$ cat structure.cif   # mmCIF, N, CA and C atoms
data_my_file
#
loop_
_atom_site.group_PDB
_atom_site.id
_atom_site.type_symbol
_atom_site.label_atom_id
_atom_site.label_comp_id
_atom_site.auth_asym_id
_atom_site.auth_seq_id
_atom_site.Cartn_x
_atom_site.Cartn_y
_atom_site.Cartn_z
ATOM 1 N N MET A 1 16.333 -21.117 2.991
ATOM 2 C CA MET A 1 14.913 -20.818 3.051
ATOM 3 C C MET A 1 14.185 -22.001 2.417
ATOM 4 N N GLY A 2 13.174 -22.502 3.101
ATOM 5 C CA GLY A 2 12.399 -23.629 2.605
ATOM 6 C C GLY A 2 11.455 -23.227 1.486
ATOM 7 N N GLN A 3 10.906 -24.232 0.820
ATOM 8 C CA GLN A 3 10.040 -23.982 -0.335
ATOM 9 C C GLN A 3 8.791 -23.180 0.043
ATOM 10 N N LYS A 4 8.211 -23.477 1.201
ATOM 11 C CA LYS A 4 7.020 -22.734 1.630
ATOM 12 C C LYS A 4 7.336 -21.246 1.794
ATOM 13 N N ALA A 5 8.438 -20.953 2.468
ATOM 14 C CA ALA A 5 8.836 -19.556 2.683
ATOM 15 C C ALA A 5 9.183 -18.883 1.357
ATOM 16 N N ILE A 6 9.835 -19.609 0.466
ATOM 17 C CA ILE A 6 10.188 -19.046 -0.848
ATOM 18 C C ILE A 6 8.929 -18.693 -1.625
ATOM 19 N N THR A 7 7.949 -19.571 -1.602
ATOM 20 C CA THR A 7 6.694 -19.322 -2.318
ATOM 21 C C THR A 7 5.983 -18.083 -1.769
ATOM 22 N N ILE A 8 5.921 -17.984 -0.449
ATOM 23 C CA ILE A 8 5.273 -16.818 0.170
ATOM 24 C C ILE A 8 6.077 -15.558 -0.129
ATOM 25 N N PHE A 9 7.405 -15.664 -0.055
ATOM 26 C CA PHE A 9 8.261 -14.507 -0.352
ATOM 27 C C PHE A 9 8.034 -14.023 -1.776
ATOM 28 N N GLN A 10 7.935 -14.939 -2.726
ATOM 29 C CA GLN A 10 7.686 -14.563 -4.119
ATOM 30 C C GLN A 10 6.341 -13.856 -4.265
ATOM 31 N N THR A 11 5.362 -14.272 -3.479
ATOM 32 C CA THR A 11 4.061 -13.613 -3.491
ATOM 33 C C THR A 11 4.168 -12.189 -2.933
ATOM 34 N N CYS A 12 5.113 -11.984 -2.018
ATOM 35 C CA CYS A 12 5.304 -10.671 -1.383
ATOM 36 C C CYS A 12 6.088 -9.689 -2.253
ATOM 37 N N ILE A 13 6.803 -10.168 -3.247
ATOM 38 C CA ILE A 13 7.685 -9.301 -4.036
ATOM 39 C C ILE A 13 6.957 -8.087 -4.623
ATOM 40 N N PRO A 14 5.769 -8.234 -5.252
ATOM 41 C CA PRO A 14 5.081 -7.032 -5.761
ATOM 42 C C PRO A 14 4.751 -6.024 -4.658
ATOM 43 N N LEU A 15 4.442 -6.523 -3.475
ATOM 44 C CA LEU A 15 4.172 -5.650 -2.335
ATOM 45 C C LEU A 15 5.442 -4.889 -1.947
ATOM 46 N N PHE A 16 6.563 -5.599 -1.865
ATOM 47 C CA PHE A 16 7.830 -4.947 -1.548
ATOM 48 C C PHE A 16 8.190 -3.905 -2.599
ATOM 49 N N GLN A 17 7.946 -4.230 -3.856
ATOM 50 C CA GLN A 17 8.292 -3.307 -4.940
ATOM 51 C C GLN A 17 7.484 -2.013 -4.851
ATOM 52 N N VAL A 18 6.191 -2.123 -4.619
ATOM 53 C CA VAL A 18 5.366 -0.907 -4.560
ATOM 54 C C VAL A 18 5.710 -0.085 -3.315
ATOM 55 N N LEU A 19 6.108 -0.751 -2.249
ATOM 56 C CA LEU A 19 6.453 -0.036 -1.022
ATOM 57 C C LEU A 19 7.882 0.506 -1.029
ATOM 58 N N SER A 20 8.665 0.180 -2.049
ATOM 59 C CA SER A 20 10.047 0.648 -2.096
ATOM 60 C C SER A 20 10.151 2.130 -2.460
ATOM 61 N N ASP A 21 9.080 2.719 -2.941
ATOM 62 C CA ASP A 21 9.090 4.129 -3.348
ATOM 63 C C ASP A 21 8.766 5.042 -2.161
ATOM 64 N N ASN A 22 9.612 6.032 -1.937
ATOM 65 C CA ASN A 22 9.432 6.954 -0.805
ATOM 66 C C ASN A 22 8.120 7.732 -0.885
ATOM 67 N N HIS A 23 7.708 8.118 -2.091
ATOM 68 C CA HIS A 23 6.464 8.880 -2.232
ATOM 69 C C HIS A 23 5.253 8.019 -1.862
ATOM 70 N N ARG A 24 5.266 6.762 -2.286
ATOM 71 C CA ARG A 24 4.153 5.878 -1.941
ATOM 72 C C ARG A 24 4.135 5.593 -0.442
ATOM 73 N N GLN A 25 5.314 5.476 0.147
ATOM 74 C CA GLN A 25 5.385 5.295 1.597
ATOM 75 C C GLN A 25 4.753 6.493 2.308
ATOM 76 N N SER A 26 5.099 7.678 1.830
ATOM 77 C CA SER A 26 4.569 8.904 2.429
ATOM 78 C C SER A 26 3.052 8.996 2.283
ATOM 79 N N ILE A 27 2.552 8.646 1.104
ATOM 80 C CA ILE A 27 1.101 8.673 0.872
ATOM 81 C C ILE A 27 0.408 7.690 1.804
ATOM 82 N N LEU A 28 0.967 6.496 1.927
ATOM 83 C CA LEU A 28 0.366 5.477 2.781
ATOM 84 C C LEU A 28 0.376 5.902 4.247
ATOM 85 N N LEU A 29 1.474 6.508 4.685
ATOM 86 C CA LEU A 29 1.540 7.006 6.058
ATOM 87 C C LEU A 29 0.544 8.131 6.294
ATOM 88 N N THR A 30 0.413 9.033 5.327
ATOM 89 C CA THR A 30 -0.553 10.127 5.443
ATOM 90 C C THR A 30 -1.965 9.579 5.559
ATOM 91 N N LEU A 31 -2.309 8.615 4.717
ATOM 92 C CA LEU A 31 -3.648 8.021 4.778
ATOM 93 C C LEU A 31 -3.870 7.276 6.094
ATOM 94 N N SER A 32 -2.829 6.646 6.605
ATOM 95 C CA SER A 32 -2.942 5.938 7.880
ATOM 96 C C SER A 32 -3.188 6.901 9.030
ATOM 97 N N GLU A 33 -2.555 8.060 8.965
ATOM 98 C CA GLU A 33 -2.697 9.064 10.022
ATOM 99 C C GLU A 33 -3.996 9.854 9.926
ATOM 100 N N LYS A 34 -4.358 10.253 8.700
ATOM 101 C CA LYS A 34 -5.470 11.186 8.510
ATOM 102 C C LYS A 34 -6.806 10.506 8.224
ATOM 103 N N GLY A 35 -6.781 9.241 7.856
ATOM 104 C CA GLY A 35 -8.033 8.575 7.488
ATOM 105 C C GLY A 35 -8.306 8.742 6.012
ATOM 106 N N HIS A 36 -9.577 8.787 5.637
ATOM 107 C CA HIS A 36 -9.919 8.880 4.207
ATOM 108 C C HIS A 36 -9.730 10.305 3.697
ATOM 109 N N MET A 37 -9.146 10.372 2.485
ATOM 110 C CA MET A 37 -8.805 11.670 1.904
ATOM 111 C C MET A 37 -9.012 11.627 0.396
ATOM 112 N N THR A 38 -9.263 12.788 -0.187
ATOM 113 C CA THR A 38 -9.350 12.911 -1.642
ATOM 114 C C THR A 38 -7.945 13.110 -2.206
ATOM 115 N N VAL A 39 -7.824 13.011 -3.526
ATOM 116 C CA VAL A 39 -6.531 13.253 -4.180
ATOM 117 C C VAL A 39 -6.041 14.662 -3.858
ATOM 118 N N ASN A 40 -6.929 15.631 -3.897
ATOM 119 C CA ASN A 40 -6.533 17.018 -3.615
ATOM 120 C C ASN A 40 -6.025 17.172 -2.181
ATOM 121 N N GLU A 41 -6.682 16.519 -1.241
ATOM 122 C CA GLU A 41 -6.239 16.594 0.159
ATOM 123 C C GLU A 41 -4.869 15.941 0.337
ATOM 124 N N ILE A 42 -4.658 14.813 -0.334
ATOM 125 C CA ILE A 42 -3.357 14.143 -0.260
ATOM 126 C C ILE A 42 -2.287 15.034 -0.881
ATOM 127 N N THR A 43 -2.613 15.677 -1.998
ATOM 128 C CA THR A 43 -1.672 16.555 -2.693
ATOM 129 C C THR A 43 -1.231 17.710 -1.791
ATOM 130 N N GLU A 44 -2.135 18.206 -0.964
ATOM 131 C CA GLU A 44 -1.803 19.295 -0.040
ATOM 132 C C GLU A 44 -0.715 18.887 0.955
ATOM 133 N N HIS A 45 -0.597 17.584 1.233
ATOM 134 C CA HIS A 45 0.396 17.081 2.181
ATOM 135 C C HIS A 45 1.665 16.583 1.487
ATOM 136 N N SER A 46 1.803 16.884 0.223
ATOM 137 C CA SER A 46 2.923 16.348 -0.553
ATOM 138 C C SER A 46 3.535 17.429 -1.442
ATOM 139 N N SER A 47 4.756 17.193 -1.870
ATOM 140 C CA SER A 47 5.410 18.093 -2.819
ATOM 141 C C SER A 47 5.133 17.657 -4.258
ATOM 142 N N LEU A 48 4.423 16.552 -4.424
ATOM 143 C CA LEU A 48 4.116 16.022 -5.754
ATOM 144 C C LEU A 48 2.902 16.711 -6.366
ATOM 145 N N SER A 49 2.816 16.639 -7.689
ATOM 146 C CA SER A 49 1.649 17.176 -8.393
ATOM 147 C C SER A 49 0.460 16.233 -8.233
ATOM 148 N N ARG A 50 -0.714 16.744 -8.540
ATOM 149 C CA ARG A 50 -1.925 15.933 -8.459
ATOM 150 C C ARG A 50 -1.840 14.713 -9.383
ATOM 151 N N PRO A 51 -1.390 14.866 -10.644
ATOM 152 C CA PRO A 51 -1.261 13.683 -11.502
ATOM 153 C C PRO A 51 -0.281 12.643 -10.943
ATOM 154 N N ALA A 52 0.800 13.103 -10.326
ATOM 155 C CA ALA A 52 1.764 12.170 -9.739
ATOM 156 C C ALA A 52 1.136 11.420 -8.561
ATOM 157 N N ILE A 53 0.394 12.134 -7.733
ATOM 158 C CA ILE A 53 -0.309 11.497 -6.610
ATOM 159 C C ILE A 53 -1.285 10.460 -7.149
ATOM 160 N N SER A 54 -2.041 10.811 -8.176
ATOM 161 C CA SER A 54 -2.999 9.878 -8.777
ATOM 162 C C SER A 54 -2.306 8.615 -9.277
ATOM 163 N N HIS A 55 -1.144 8.785 -9.879
ATOM 164 C CA HIS A 55 -0.382 7.635 -10.367
ATOM 165 C C HIS A 55 0.018 6.719 -9.206
ATOM 166 N N HIS A 56 0.528 7.290 -8.135
ATOM 167 C CA HIS A 56 0.937 6.493 -6.981
ATOM 168 C C HIS A 56 -0.270 5.835 -6.313
ATOM 169 N N LEU A 57 -1.379 6.545 -6.253
ATOM 170 C CA LEU A 57 -2.598 5.958 -5.689
ATOM 171 C C LEU A 57 -3.046 4.747 -6.502
ATOM 172 N N LYS A 58 -2.939 4.851 -7.802
ATOM 173 C CA LYS A 58 -3.313 3.734 -8.677
ATOM 174 C C LYS A 58 -2.471 2.500 -8.356
ATOM 175 N N LEU A 59 -1.177 2.683 -8.196
ATOM 176 C CA LEU A 59 -0.283 1.563 -7.889
ATOM 177 C C LEU A 59 -0.584 0.965 -6.515
ATOM 178 N N LEU A 60 -0.822 1.818 -5.535
ATOM 179 C CA LEU A 60 -1.171 1.341 -4.192
ATOM 180 C C LEU A 60 -2.506 0.601 -4.201
ATOM 181 N N LEU A 61 -3.443 1.098 -4.978
ATOM 182 C CA LEU A 61 -4.759 0.476 -5.094
ATOM 183 C C LEU A 61 -4.657 -0.901 -5.747
ATOM 184 N N GLU A 62 -3.840 -1.004 -6.789
ATOM 185 C CA GLU A 62 -3.655 -2.280 -7.489
ATOM 186 C C GLU A 62 -3.092 -3.360 -6.580
ATOM 187 N N LYS A 63 -2.279 -2.987 -5.614
ATOM 188 C CA LYS A 63 -1.674 -3.950 -4.692
ATOM 189 C C LYS A 63 -2.493 -4.140 -3.427
ATOM 190 N N GLY A 64 -3.645 -3.471 -3.348
ATOM 191 C CA GLY A 64 -4.539 -3.665 -2.209
ATOM 192 C C GLY A 64 -4.099 -2.969 -0.936
ATOM 193 N N LEU A 65 -3.188 -2.006 -1.044
ATOM 194 C CA LEU A 65 -2.712 -1.297 0.140
ATOM 195 C C LEU A 65 -3.621 -0.142 0.540
ATOM 196 N N ILE A 66 -4.445 0.289 -0.384
ATOM 197 C CA ILE A 66 -5.437 1.322 -0.097
ATOM 198 C C ILE A 66 -6.763 0.889 -0.705
ATOM 199 N N SER A 67 -7.822 1.537 -0.257
ATOM 200 C CA SER A 67 -9.141 1.320 -0.849
ATOM 201 C C SER A 67 -9.705 2.676 -1.236
ATOM 202 N N VAL A 68 -10.723 2.651 -2.078
ATOM 203 C CA VAL A 68 -11.332 3.889 -2.544
ATOM 204 C C VAL A 68 -12.844 3.774 -2.413
ATOM 205 N N GLU A 69 -13.456 4.873 -2.014
ATOM 206 C CA GLU A 69 -14.912 4.928 -1.878
ATOM 207 C C GLU A 69 -15.414 6.160 -2.626
ATOM 208 N N GLN A 70 -16.363 5.955 -3.494
ATOM 209 C CA GLN A 70 -16.961 7.050 -4.264
ATOM 210 C C GLN A 70 -18.114 7.656 -3.457
ATOM 211 N N LYS A 71 -18.047 8.963 -3.229
ATOM 212 C CA LYS A 71 -19.126 9.703 -2.564
ATOM 213 C C LYS A 71 -19.453 10.894 -3.438
ATOM 214 N N GLY A 72 -20.542 10.802 -4.169
ATOM 215 C CA GLY A 72 -20.892 11.862 -5.106
ATOM 216 C C GLY A 72 -19.845 11.926 -6.203
ATOM 217 N N THR A 73 -19.249 13.088 -6.378
ATOM 218 C CA THR A 73 -18.219 13.247 -7.410
ATOM 219 C C THR A 73 -16.809 13.034 -6.852
ATOM 220 N N GLN A 74 -16.701 12.817 -5.557
ATOM 221 C CA GLN A 74 -15.389 12.674 -4.910
ATOM 222 C C GLN A 74 -15.051 11.199 -4.680
ATOM 223 N N ARG A 75 -13.772 10.903 -4.823
ATOM 224 C CA ARG A 75 -13.254 9.578 -4.491
ATOM 225 C C ARG A 75 -12.395 9.738 -3.244
ATOM 226 N N TYR A 76 -12.712 8.968 -2.215
ATOM 227 C CA TYR A 76 -11.983 9.032 -0.955
ATOM 228 C C TYR A 76 -11.112 7.789 -0.804
ATOM 229 N N TYR A 77 -9.832 8.019 -0.583
ATOM 230 C CA TYR A 77 -8.863 6.944 -0.434
ATOM 231 C C TYR A 77 -8.554 6.745 1.045
ATOM 232 N N SER A 78 -8.323 5.507 1.423
ATOM 233 C CA SER A 78 -7.922 5.199 2.796
ATOM 234 C C SER A 78 -6.993 3.988 2.790
ATOM 235 N N ALA A 79 -6.178 3.894 3.842
ATOM 236 C CA ALA A 79 -5.261 2.763 3.972
ATOM 237 C C ALA A 79 -6.068 1.496 4.189
ATOM 238 N N SER A 80 -5.617 0.425 3.582
ATOM 239 C CA SER A 80 -6.289 -0.874 3.694
ATOM 240 C C SER A 80 -5.203 -1.942 3.759
ATOM 241 N N LEU A 81 -4.642 -2.117 4.933
ATOM 242 C CA LEU A 81 -3.436 -2.913 5.075
ATOM 243 C C LEU A 81 -3.651 -4.346 5.551
ATOM 244 N N HIS A 82 -4.879 -4.737 5.841
ATOM 245 C CA HIS A 82 -5.125 -6.044 6.455
ATOM 246 C C HIS A 82 -4.586 -7.205 5.623
ATOM 247 N N ALA A 83 -4.877 -7.242 4.341
ATOM 248 C CA ALA A 83 -4.434 -8.358 3.495
ATOM 249 C C ALA A 83 -2.913 -8.397 3.402
ATOM 250 N N SER A 84 -2.282 -7.241 3.281
ATOM 251 C CA SER A 84 -0.827 -7.186 3.184
ATOM 252 C C SER A 84 -0.173 -7.611 4.488
ATOM 253 N N VAL A 85 -0.711 -7.166 5.592
ATOM 254 C CA VAL A 85 -0.172 -7.554 6.899
ATOM 255 C C VAL A 85 -0.325 -9.061 7.093
ATOM 256 N N ASP A 86 -1.469 -9.618 6.703
ATOM 257 C CA ASP A 86 -1.674 -11.061 6.814
ATOM 258 C C ASP A 86 -0.649 -11.832 5.984
ATOM 259 N N LEU A 87 -0.368 -11.347 4.777
ATOM 260 C CA LEU A 87 0.620 -11.995 3.917
ATOM 261 C C LEU A 87 2.011 -11.948 4.553
ATOM 262 N N LEU A 88 2.372 -10.800 5.113
ATOM 263 C CA LEU A 88 3.673 -10.678 5.772
ATOM 264 C C LEU A 88 3.748 -11.562 7.023
ATOM 265 N N LYS A 89 2.653 -11.694 7.743
ATOM 266 C CA LYS A 89 2.614 -12.597 8.896
ATOM 267 C C LYS A 89 2.841 -14.038 8.465
ATOM 268 N N GLN A 90 2.262 -14.421 7.318
ATOM 269 C CA GLN A 90 2.485 -15.766 6.794
ATOM 270 C C GLN A 90 3.957 -15.983 6.480
ATOM 271 N N LEU A 91 4.593 -14.985 5.909
ATOM 272 C CA LEU A 91 6.015 -15.085 5.576
ATOM 273 C C LEU A 91 6.839 -15.251 6.852
ATOM 274 N N VAL A 92 6.566 -14.434 7.857
ATOM 275 C CA VAL A 92 7.300 -14.527 9.105
ATOM 276 C C VAL A 92 7.080 -15.890 9.761
ATOM 277 N N ALA A 93 5.843 -16.369 9.761
ATOM 278 C CA ALA A 93 5.542 -17.672 10.355
ATOM 279 C C ALA A 93 6.284 -18.792 9.627
ATOM 280 N N ALA A 94 6.325 -18.727 8.302
ATOM 281 C CA ALA A 94 7.041 -19.754 7.531
ATOM 282 C C ALA A 94 8.531 -19.723 7.838
ATOM 283 N N LEU A 95 9.089 -18.531 7.968
ATOM 284 C CA LEU A 95 10.504 -18.417 8.304
ATOM 285 C C LEU A 95 10.794 -18.896 9.722
ATOM 286 N N GLU A 96 9.887 -18.599 10.642
ATOM 287 C CA GLU A 96 10.059 -19.047 12.024
ATOM 288 C C GLU A 96 9.981 -20.563 12.125
ATOM 289 N N GLU A 97 9.096 -21.172 11.347
ATOM 290 C CA GLU A 97 8.974 -22.641 11.355
ATOM 291 C C GLU A 97 10.295 -23.298 10.980
ATOM 292 N N GLU A 98 10.996 -22.704 10.043
ATOM 293 C CA GLU A 98 12.275 -23.259 9.586
ATOM 294 C C GLU A 98 13.364 -23.150 10.649
ATOM 295 N N CYS A 99 13.258 -22.127 11.484
ATOM 296 C CA CYS A 99 14.278 -21.897 12.492
ATOM 297 C C CYS A 99 14.098 -22.795 13.708
ATOM 298 N N LEU A 100 12.925 -23.320 13.891
ATOM 299 C CA LEU A 100 12.655 -24.143 15.084
ATOM 300 C C LEU A 100 12.953 -25.595 14.852
#
$ encode --input "structure.cif" --output "structure tokens"
Amino acid sequence: MGQKAITIFQTCIPLFQVLSDNHRQSILLTLSEKGHMTVNEITEHSSLSRPAISHHLKLLLEKGLISVEQKGTQRYYSASLHASVDLLKQLVAALEEECL
């Protein structure tokens, strides 16, 4: 693996780590399918407690995989994958360059 690909891969490691958890994967898939949802709505689709869902949402939010919008007293979460997908595309492109 060339230096460019290694650098991009190292940038991707936190993304891979947060996505390695099955519960976070499930939350992200639920948000992708259902659109914007509150913590309570997400909890209804999960076997996890509300505090556990909140913890996973915090981690997903920190890595930019979801976004949050405040409407009155409710916080609505939604999938926000553009930046992560762009980063993964850069990694694939760097790896493809090395193969050609």
$ atom_distance --input "structure.cif" --atom1 "atom N of A:Gly35" --atom2 "atom CA of A:Pro14"
24.3 Å
$ select_by_dssp --input "structure.cif" --residues "chain A" --states "alpha helix (DSSP H)" --output "PyMOL selection string"
chain A and resi 3-19+22-34+39-44+50-62+82-99
$ resolve_selection --input "structure.cif" --expression "the PyMOL selection byres (((chain A and resi 79 and name CA) around 9) and name CA)" --output "VMD selection string"
chain A and resid 28 to 32 35 to 36 64 to 68 77 to 78 80 to 81
$ closest_residue --input "structure.cif" --among "A:His56, A:Lys63, A:Arg75, A:Arg50" --to "A:Arg24" --atoms "only C-alpha atoms"
A:His56
$ closest_residue --input "structure.cif" --among "A:His82, A:Lys71, A:Lys89, A:His55" --to "A:Ile8" --atoms "only C-alpha atoms"
A:Lys89
$ residues_near_point --input "structure.cif" --point "(15.9, -24.1, 4.6)" --cutoff "8 Å" --atoms "all atoms listed in the file" --output "ChimeraX atom specification"
/A:1-3,98-99
$ atom_distance --input "structure.cif" --atom1 "atom CA of A:Glu33" --atom2 "atom CA of A:Ser46"
14.0 Å
$ build_atoms --input "structure.cif" --residues "stretch 76-87 of chain A" --atoms "all heavy atoms" --output "tab-separated table (two decimals), in the coordinates of the input"
chain	number	residue	atom	x	y	z
A	76	TYR	N	-12.71	8.97	-2.22
A	76	TYR	CA	-11.98	9.03	-0.96
A	76	TYR	C	-11.11	7.79	-0.80
A	76	TYR	O	-11.60	6.67	-0.88
A	76	TYR	CB	-12.94	9.15	0.23
A	76	TYR	CG	-13.59	10.50	0.32
A	76	TYR	CD1	-14.78	10.77	-0.35
A	76	TYR	CD2	-13.00	11.52	1.05
A	76	TYR	CE1	-15.37	12.02	-0.29
A	76	TYR	CE2	-13.59	12.77	1.13
A	76	TYR	CZ	-14.77	13.02	0.46
A	76	TYR	OH	-15.34	14.25	0.53
A	77	TYR	N	-9.83	8.02	-0.58
A	77	TYR	CA	-8.86	6.94	-0.43
A	77	TYR	C	-8.55	6.74	1.04
A	77	TYR	O	-8.53	7.69	1.82
A	77	TYR	CB	-7.57	7.29	-1.19
A	77	TYR	CG	-7.78	7.39	-2.67
A	77	TYR	CD1	-8.15	8.60	-3.26
A	77	TYR	CD2	-7.62	6.28	-3.49
A	77	TYR	CE1	-8.36	8.69	-4.63
A	77	TYR	CE2	-7.83	6.36	-4.86
A	77	TYR	CZ	-8.19	7.57	-5.42
A	77	TYR	OH	-8.40	7.65	-6.77
A	78	SER	N	-8.32	5.51	1.42
A	78	SER	CA	-7.92	5.20	2.80
A	78	SER	C	-6.99	3.99	2.79
A	78	SER	O	-7.01	3.18	1.86
A	78	SER	CB	-9.14	4.95	3.68
A	78	SER	OG	-9.93	3.90	3.16
A	79	ALA	N	-6.18	3.89	3.84
A	79	ALA	CA	-5.26	2.76	3.97
A	79	ALA	C	-6.07	1.50	4.19
A	79	ALA	O	-7.09	1.50	4.88
A	79	ALA	CB	-4.30	3.01	5.13
A	80	SER	N	-5.62	0.42	3.58
A	80	SER	CA	-6.29	-0.87	3.69
A	80	SER	C	-5.20	-1.94	3.76
A	80	SER	O	-4.88	-2.58	2.76
A	80	SER	CB	-7.21	-1.09	2.48
A	80	SER	OG	-7.84	-2.34	2.55
A	81	LEU	N	-4.64	-2.12	4.93
A	81	LEU	CA	-3.44	-2.91	5.08
A	81	LEU	C	-3.65	-4.35	5.55
A	81	LEU	O	-2.70	-5.12	5.63
A	81	LEU	CB	-2.48	-2.21	6.04
A	81	LEU	CG	-2.08	-0.79	5.63
A	81	LEU	CD1	-1.27	-0.12	6.73
A	81	LEU	CD2	-1.29	-0.82	4.34
A	82	HIS	N	-4.88	-4.74	5.84
A	82	HIS	CA	-5.12	-6.04	6.46
A	82	HIS	C	-4.59	-7.20	5.62
A	82	HIS	O	-3.89	-8.08	6.15
A	82	HIS	CB	-6.62	-6.24	6.74
A	82	HIS	CG	-7.17	-5.25	7.71
A	82	HIS	ND1	-6.80	-5.21	9.03
A	82	HIS	CD2	-8.04	-4.23	7.54
A	82	HIS	CE1	-7.41	-4.22	9.63
A	82	HIS	NE2	-8.17	-3.60	8.75
A	83	ALA	N	-4.88	-7.24	4.34
A	83	ALA	CA	-4.43	-8.36	3.50
A	83	ALA	C	-2.91	-8.40	3.40
A	83	ALA	O	-2.31	-9.48	3.47
A	83	ALA	CB	-5.06	-8.25	2.11
A	84	SER	N	-2.28	-7.24	3.28
A	84	SER	CA	-0.83	-7.19	3.18
A	84	SER	C	-0.17	-7.61	4.49
A	84	SER	O	0.82	-8.34	4.48
A	84	SER	CB	-0.37	-5.78	2.82
A	84	SER	OG	-0.91	-5.41	1.57
A	85	VAL	N	-0.71	-7.17	5.59
A	85	VAL	CA	-0.17	-7.55	6.90
A	85	VAL	C	-0.32	-9.06	7.09
A	85	VAL	O	0.60	-9.72	7.57
A	85	VAL	CB	-0.86	-6.76	8.03
A	85	VAL	CG1	-0.51	-7.33	9.40
A	85	VAL	CG2	-0.46	-5.29	7.96
A	86	ASP	N	-1.47	-9.62	6.70
A	86	ASP	CA	-1.67	-11.06	6.81
A	86	ASP	C	-0.65	-11.83	5.98
A	86	ASP	O	-0.11	-12.85	6.43
A	86	ASP	CB	-3.09	-11.45	6.39
A	86	ASP	CG	-4.14	-11.05	7.40
A	86	ASP	OD1	-3.78	-10.76	8.57
A	86	ASP	OD2	-5.33	-11.02	7.03
A	87	LEU	N	-0.37	-11.35	4.78
A	87	LEU	CA	0.62	-12.00	3.92
A	87	LEU	C	2.01	-11.95	4.55
A	87	LEU	O	2.74	-12.95	4.56
A	87	LEU	CB	0.63	-11.33	2.54
A	87	LEU	CG	1.56	-11.93	1.49
A	87	LEU	CD1	1.21	-13.39	1.24
A	87	LEU	CD2	1.48	-11.12	0.21
